[in-house]
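Below: the structure, in C-alpha cells.
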Amino acid sequence: MGLRLSAAILAGKLTALVSRVMGWKGSSLPGLVARKVYPRVLKKLGTEPRKGVIIVTGTNGKTTTNNMLARIVTGAGYKILHNSEGANLITGVTTGFVKAASVFGRINCDYALLEVDEASFPKVVREVKPQIVIITNFFRDQLDRYGELDTTITIVKKTLTELKGVHLVLNADDPLVAQFQRKTGLTATFYGLAGNERSSTAGSYTREAKFCPFCGEALQYAYYHYSQLGAFDCPGCGYKRPSPEVEAEQVKALLAGTDCKVRHTTGSTALHIPTGGFYNIYNALAAFTTGLLLKINPTQAAESLRGYAPAIGRMESFIYGEKPVLLNLVKNPTGFNESLAAVLAAPGDKDLFIAINDNDADGRDISWLWDVDFEILEKNHYGFTGFICSGKRAEEMAVRLKYAGVPTNKISITGDLEAAVNEVLEARGGAAYLLSTYTALWTVQKILLKQAEKGESNAHHMPSVS
Amino acid sequence: MLTICHLYPDLLNLYGDRGNVIAFVRRCRWRNLPVRVQEVNIGEPLNFKEIDFLFLGGGSDREQTLLIKDLKKHSESLHEAIEEGLVLLAICGGYQMLGQYYRTHEGEEIPGLGLLDFYTEAGPKRLIGNVAVEISMENLVFKATGFENHSGQTFLGKIEPLGRVLAGYGNNGRDRKEGARYKNVFCSYLHGPLLPKNVSFTDLLINLALKRRGIETELLPLEDSFEERANQVMLDRLIKK
C-alpha cells in the first residue's frame with residue numbers, strides 16, 4: 001500500500017507543478033488527482049501531524065480564523081500545515097496534505113490547521129480525525145448548494161455527535177453555534193463579545209435564528225451585535241448565551257485596526273487586531289481561545305495576532321496614486337451588510353465597485369442580494385460619486401441598487417472586470433472600495449496588483465467601525 | 001392609498017423574497033401612488049379587506065408548519081378575499097401552503113389551507129436552478145426569469161398554471177407547467193425574486209390592485225432598462241436560439 005500512497009503523492013505534486021507552470025491557482029486539482037490514484041491518501045496522511053489536527057468550520061470567517069490561528073501557533077514555535085487560501089473542500093484539504101508530504105508519506109509538522117466548508121465537514125472528518133473543532137457562526141449562504149441552513153447545521157451536528165474526544169471551540173453569541181455543546185455532548189470552550197455601544201436592541205432583516213433550537217420558542221435578546229449574534233435567551237426552556245470563558249470587552253475601532261481587552265480564565269490580555277471590520281474580533285477571539293487550549297502563552301498569542309496580515313480579499317488594501325483602494329470578499333447577506341457598514345463609516349467621498357458572479361463556487365443563486373440591506377444607501381448615497389456593477393450578474397446588481405433607492409445616474413454596468421476595475425480606479429471619488437464574490441476575487445486582485453501598489457498595512461485605510 | 005401586506009416576514013423570507021415587496025412599493029412610489037407596508041407576524045390581527053396586495057414568501061420546512069397553524073385561523077376570511085379579487089403573490093413555500101396538502105417523504109400528509117386546487121409531494125431530488133417561463137395573461141405575454149429551489153413537486157387540479165416552462169423544472173419537472181393562477185392569486189416557484197426583474201408583471205399586479213379599489217388608470221411608464229437587461233442576460237443564457 002505504501003507504493004500506492006507514494007504514487008498518489010507524486011501524482012498530486014506533479015499536478016501542482018503543472019498547475020503552477022500553467023498559471024492556474026491549482027488548489028483542488030492536485031488533491032483530486034491524488035485521490036483518484038489512491039482514495040485513502042488523506043486518511044493516511046491525516047495521521048501525520050505530531051500533535052493533532054484542528055478544524056475551523058462555519059459560514060463566515062473560516063479563512064481569517066485559520067490564518068490568525070496559524071500565526072499564533074507558528075509564533076509559539078510549532079510547525080504547521082494549513083490550507084490558507086480557502087481551498088476548503090475535501091480536494092483542497094487533500095492538496096494541502098499532499099503538497100506538504102514527502103514521497104514516502106511523511107509530513108514534518110506539529111499541527112494541521114484546516115478550514116473546512118460546512119458541507120464538506122462530514123467527508124473530511126471521516127478521513128481526518130480532529131482534536132479541536134472551531135465553529136464560527138451559521139448564516140444563510142449558498143442555499144442552492146446546501147439546501148436549507150437547518151440541513152447544514154444538522155449535518156455538522158450529526159457528524160460531531162459521532163466523534164469521540166473532540167474539544168469544541170464555540171461562538172457563545174450565536175444561538176445556532178452555542179447549541180452544539182448540549183446537542184453533541186462534547187466538551188466545549190466558549191468565546192464571545194460583551195455588549196458595547198455598537199450593539200443594538202433592534203433586529204434587522206437578516207436574522208437566521210428566531211427560534212430556540214431546543215424548544216422552538218421565539219428567542220429574546222438583551223442586545224444584538226449583528227444578525228442573530230448577541231445576548232439571547234429562551235423564555236421557554238431557559239437556553240441562553242453561555243457565559244464565555246474568553247470574552248472581549250472595551251472594543252475600540254481604530255484607524256489601523258481594532259483594539260479590545262480579552263478576559264480569560266488566567267487573566268486579561270490586550271489584543272490589537274490589525275484589520276477593521278467588526279466581525280474580525282470574533283475571528284481573533286476564536287483563534288486566541290484555541291491558542292489558550294494549546295497552552296500557548298496569551299501574551300505571546302496576542303503578539304502573534306498583532307502581526308497578522310489578512311488573506312486575499314479580506315479587507316486587502318492597495319494604493320492607486322494617492323488613492324486608497326480596498327478589496328473585500330462578499331458572499332452572503334450578513335457579510336455584505338458588515339462590508340457596507342465599514343464602507344459607509346469611511347470618511348470622504350468614494351466610489352463603490354461590486355462584482356457579482358454566479359459560478360458554482362459563488363453560489364448559482366444570487367437572490368440573497370435582496371436580503372442585503374442596500375436600502376441604507378438611499379439616505380447615504382451622497383457620500384458616493386458612483387456605483388460600478390460588474391461580473392456575470394452586473395445587471396442584476398444594478399437593479400438591486402436601483403430598487404434600494406440609489407439614483408440610476410450614479411449606477412453604471414460594466415460586466416468586464418478589467419474595464420470595471422479601471423473605471424473605479426479612475427473615478428472621481430477620493431477612495432475606491434471593491435466588493436467581490438468569490439470567483440471574481442482573484443481576477444480583481446490580479447488587476448489591482450498590476451495597476452496599484454499593495455498597501456503597507458491592510459487596515460491602514462479602514463474606517464473606524466462605530 | 002394601497003396597503004401592502006408582507007405576511008410573516010420574519011418566517012417567510014428565505015432567498016430574498018422581500019425583493020418582491022420592495023419592487024411593488026418602489027414602482028408605486030415612482031408614480032406617486034401612495035402605499036404603505038404592513039408586516040404581519042404570527043398571532044397578529046389580519047384583515048384582508050384592508051389589504052390590496054398580499055405577499056407570501058418561502059420559508060424553511062420547520063417554520064412553515066409553525067405558521068400554517070396561525071394562518072388556518074384566517075383561512076375563511078382569506079377565502080372570501082380571494083373570491084372578491086384580492087391580489088396575492090405566493091412564492092415557493094407560500095405557494096405550497098395554499099394548496100390541498102403536502103405529502104412528505106415518509107408519506108405523511110400535511111394539510112394545506114385548501115384554498116386552491118393543487119397538491120404537493122416531496123420529490124426524489126431537489127429541483128434547483130435558473131428558470132425561464134413564458135407567462136401569458138390579460139393582454140400580456142412575457143418571459144420571466146428566476147431561480148427555483150424546491151423538493152416539493154406540485155400537481156395542478158382544475159386550476160390554470162401561471163406559465164409554461166422554457167428552461168428549468170417548474171412545478172414538478174414533468175408537465176412543463178410553472179406556478180398557478182386563480183382570479184388575482186398568482187403562485188410561483190420562481191423566487192429570483194420575481195417582481196423586480198419582471199416589471200410588466202409587477203405593473204399588472206399594481207393595476208389589478210387599483211382596479212379592485214375602483215381606480216381604472218393608465219400607469220405612468222417608467223424607465224426600465226436595467227430591469228430589462230437583467231432579465232435578458234438570463235434569457236440569453238437559458239434559451240438557445
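Each chain of the C-alpha cells is named A, B, ... in the order shown, its residues numbered from 1; ligands are numbered from 1 in display order.
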
Out of segment 206-296 of chain A, which residues get alpha helix (DSSP H) from DSSP, as number ranges by chain?
A: 279-293

Determine which residues of chain A sit within 6 Å of chain B, taking into account only C-alpha atoms, and present them as a VMD selection string.
chain A and resid 367 to 368 370 to 371 395 to 396 399

Take the residues that were just selected and, keeping all heavy atoms, output them as a compact mmCIF listing (two decimals), in the first residue's frame.
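Produced file selection_0.txt, reproduced below:
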# COMPACT_ATOMS: atom_id res chain seq x y z
N SER A 367 -30.16 35.44 -5.40
CA SER A 367 -31.33 36.08 -4.78
C SER A 367 -30.98 36.71 -3.43
O SER A 367 -31.64 37.65 -3.00
CB SER A 367 -32.42 35.05 -4.54
OG SER A 367 -32.74 34.42 -5.73
N TRP A 368 -29.97 36.21 -2.76
CA TRP A 368 -29.59 36.74 -1.46
C TRP A 368 -29.24 38.23 -1.52
O TRP A 368 -29.27 38.90 -0.49
CB TRP A 368 -28.44 35.93 -0.86
CG TRP A 368 -27.17 35.94 -1.67
CD1 TRP A 368 -26.85 35.08 -2.68
CD2 TRP A 368 -26.07 36.84 -1.55
NE1 TRP A 368 -25.62 35.40 -3.19
CE2 TRP A 368 -25.11 36.47 -2.52
CE3 TRP A 368 -25.79 37.92 -0.71
CZ2 TRP A 368 -23.90 37.14 -2.69
CZ3 TRP A 368 -24.58 38.60 -0.88
CH2 TRP A 368 -23.65 38.21 -1.85
N TRP A 370 -31.06 40.40 -2.41
CA TRP A 370 -32.26 41.11 -1.96
C TRP A 370 -32.40 41.06 -0.46
O TRP A 370 -33.25 41.74 0.11
CB TRP A 370 -33.49 40.59 -2.69
CG TRP A 370 -33.42 40.95 -4.14
CD1 TRP A 370 -32.78 40.24 -5.12
CD2 TRP A 370 -33.89 42.16 -4.76
NE1 TRP A 370 -32.85 40.94 -6.30
CE2 TRP A 370 -33.52 42.11 -6.12
CE3 TRP A 370 -34.60 43.26 -4.29
CZ2 TRP A 370 -33.84 43.13 -7.02
CZ3 TRP A 370 -34.92 44.28 -5.19
CH2 TRP A 370 -34.54 44.20 -6.53
N ASP A 371 -31.60 40.24 0.20
CA ASP A 371 -31.60 40.21 1.66
C ASP A 371 -30.55 41.13 2.26
O ASP A 371 -30.50 41.31 3.47
CB ASP A 371 -31.35 38.78 2.16
CG ASP A 371 -32.58 37.90 1.99
OD1 ASP A 371 -33.69 38.44 2.11
OD2 ASP A 371 -32.42 36.70 1.73
N GLU A 395 -25.90 43.31 -14.22
CA GLU A 395 -27.20 43.95 -14.47
C GLU A 395 -28.12 43.78 -13.25
O GLU A 395 -28.81 44.70 -12.86
CB GLU A 395 -27.89 43.33 -15.70
CG GLU A 395 -27.20 43.62 -17.02
CD GLU A 395 -25.98 42.75 -17.27
OE1 GLU A 395 -25.75 41.79 -16.49
OE2 GLU A 395 -25.25 43.02 -18.24
N GLU A 396 -28.09 42.58 -12.69
CA GLU A 396 -28.98 42.31 -11.57
C GLU A 396 -28.57 43.14 -10.34
O GLU A 396 -29.41 43.60 -9.57
CB GLU A 396 -28.95 40.83 -11.23
CG GLU A 396 -30.16 40.42 -10.46
CD GLU A 396 -30.81 39.17 -11.05
OE1 GLU A 396 -30.55 38.84 -12.23
OE2 GLU A 396 -31.55 38.54 -10.33
N VAL A 399 -29.96 46.52 -10.79
CA VAL A 399 -31.39 46.54 -10.46
C VAL A 399 -31.57 46.63 -8.94
O VAL A 399 -32.37 47.40 -8.43
CB VAL A 399 -32.11 45.28 -11.00
CG1 VAL A 399 -33.53 45.19 -10.46
CG2 VAL A 399 -32.10 45.26 -12.52

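In this structure, atom CA of Lys158 of chain B sits 16.6 Å away from atom CA of Gly112 of chain B.
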
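By chain and then residue number, the residues within 9 Å of Val251 of chain A are A:Leu193, A:Ala194, A:Asn196, A:Ala248, A:Thr258, A:Asp259, A:Cys260, A:Lys261, A:Ile281, counting only C-alpha atoms and disregarding those fewer than 3 positions away in sequence.
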
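Proximity to Thr47 of chain A at 12 Å, evaluated using only C-alpha atoms and with sequence-adjacent residues fewer than 5 positions away removed, yields Arg40, Val41, Leu42, Gly52, Val53, Phe97, Ala101, Gly105, Arg106, Ile107, Asn108, Cys109, Asp110, Tyr111, Ala112, Glu127, Val128, Lys129, Pro130 and Gln131 of chain A.
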
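Pairwise distance (atom CA of Pro347 of chain A, atom CA of Lys402 of chain A) equals 23.7 Å.
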
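One distance worth recording is that between atom CA of Met97 of chain B and atom CA of Ile68 of chain B, which is 7.2 Å.
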
Please return as number ranges by chain: the residues of segment 177-351 of chain A that backbone DSSP assigns to strand (DSSP E).
A: 187-193, 220-226, 229-233, 246-254, 257-264, 267-273, 316-320, 323-329, 350-351

Using only C-alpha atoms, determine which residues lie at most 10 Å from Glu84 of chain B, disregarding the query and same-chain residues fewer than 4 positions distant; provide the list as a count of residues only.
7

As a list of chain:residue names, please: the residues near Arg164 of chain B (cut-off 9 Å, only C-alpha atoms, same-chain neighbours under 5 positions excluded).
B:Ala132, B:Val133, B:Glu134, B:Ile135, B:Ser136, B:Gly170, B:Arg176, B:Lys177, B:Glu178, B:Gly179

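Near segment 445-456 of chain A, within a cut-off of 9 Å and counting only C-alpha atoms, sit the residues Ile312, Gly313, Glu316, Ser317, Phe318, Ile319, Tyr320, Gly321, Pro324, Val325, Leu326, Leu327, Leu417, Glu418, Val421, Asn422 and Leu425 of chain A, with same-chain residues fewer than 6 positions away left out.
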
Export C-alpha atoms of the chosen residues as a PDB file, in the first residue's frame?
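Resulting contents of part.pdb:
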ATOM      1  CA  ILE A 312      -6.515  37.914  -0.281  1.00  0.00           C
ATOM      2  CA  GLY A 313      -9.653  39.961  -0.466  1.00  0.00           C
ATOM      3  CA  GLU A 316      -6.944  43.954   1.498  1.00  0.00           C
ATOM      4  CA  SER A 317      -5.573  47.402   0.835  1.00  0.00           C
ATOM      5  CA  PHE A 318      -3.887  48.982  -2.189  1.00  0.00           C
ATOM      6  CA  ILE A 319      -2.819  52.478  -3.169  1.00  0.00           C
ATOM      7  CA  TYR A 320      -3.526  53.867  -6.629  1.00  0.00           C
ATOM      8  CA  GLY A 321      -1.585  57.106  -6.995  1.00  0.00           C
ATOM      9  CA  PRO A 324      -6.676  54.289  -1.038  1.00  0.00           C
ATOM     10  CA  VAL A 325      -8.233  51.175  -2.536  1.00  0.00           C
ATOM     11  CA  LEU A 326      -9.807  48.387  -0.518  1.00  0.00           C
ATOM     12  CA  LEU A 327     -10.830  44.911  -1.663  1.00  0.00           C
ATOM     13  CA  LEU A 417     -13.902  43.005 -14.696  1.00  0.00           C
ATOM     14  CA  GLU A 418     -10.768  44.673 -16.035  1.00  0.00           C
ATOM     15  CA  VAL A 421     -11.700  47.963 -12.092  1.00  0.00           C
ATOM     16  CA  ASN A 422     -10.085  50.644 -14.244  1.00  0.00           C
ATOM     17  CA  LEU A 425      -9.682  53.471 -10.045  1.00  0.00           C
TER      18      LEU A 425
END
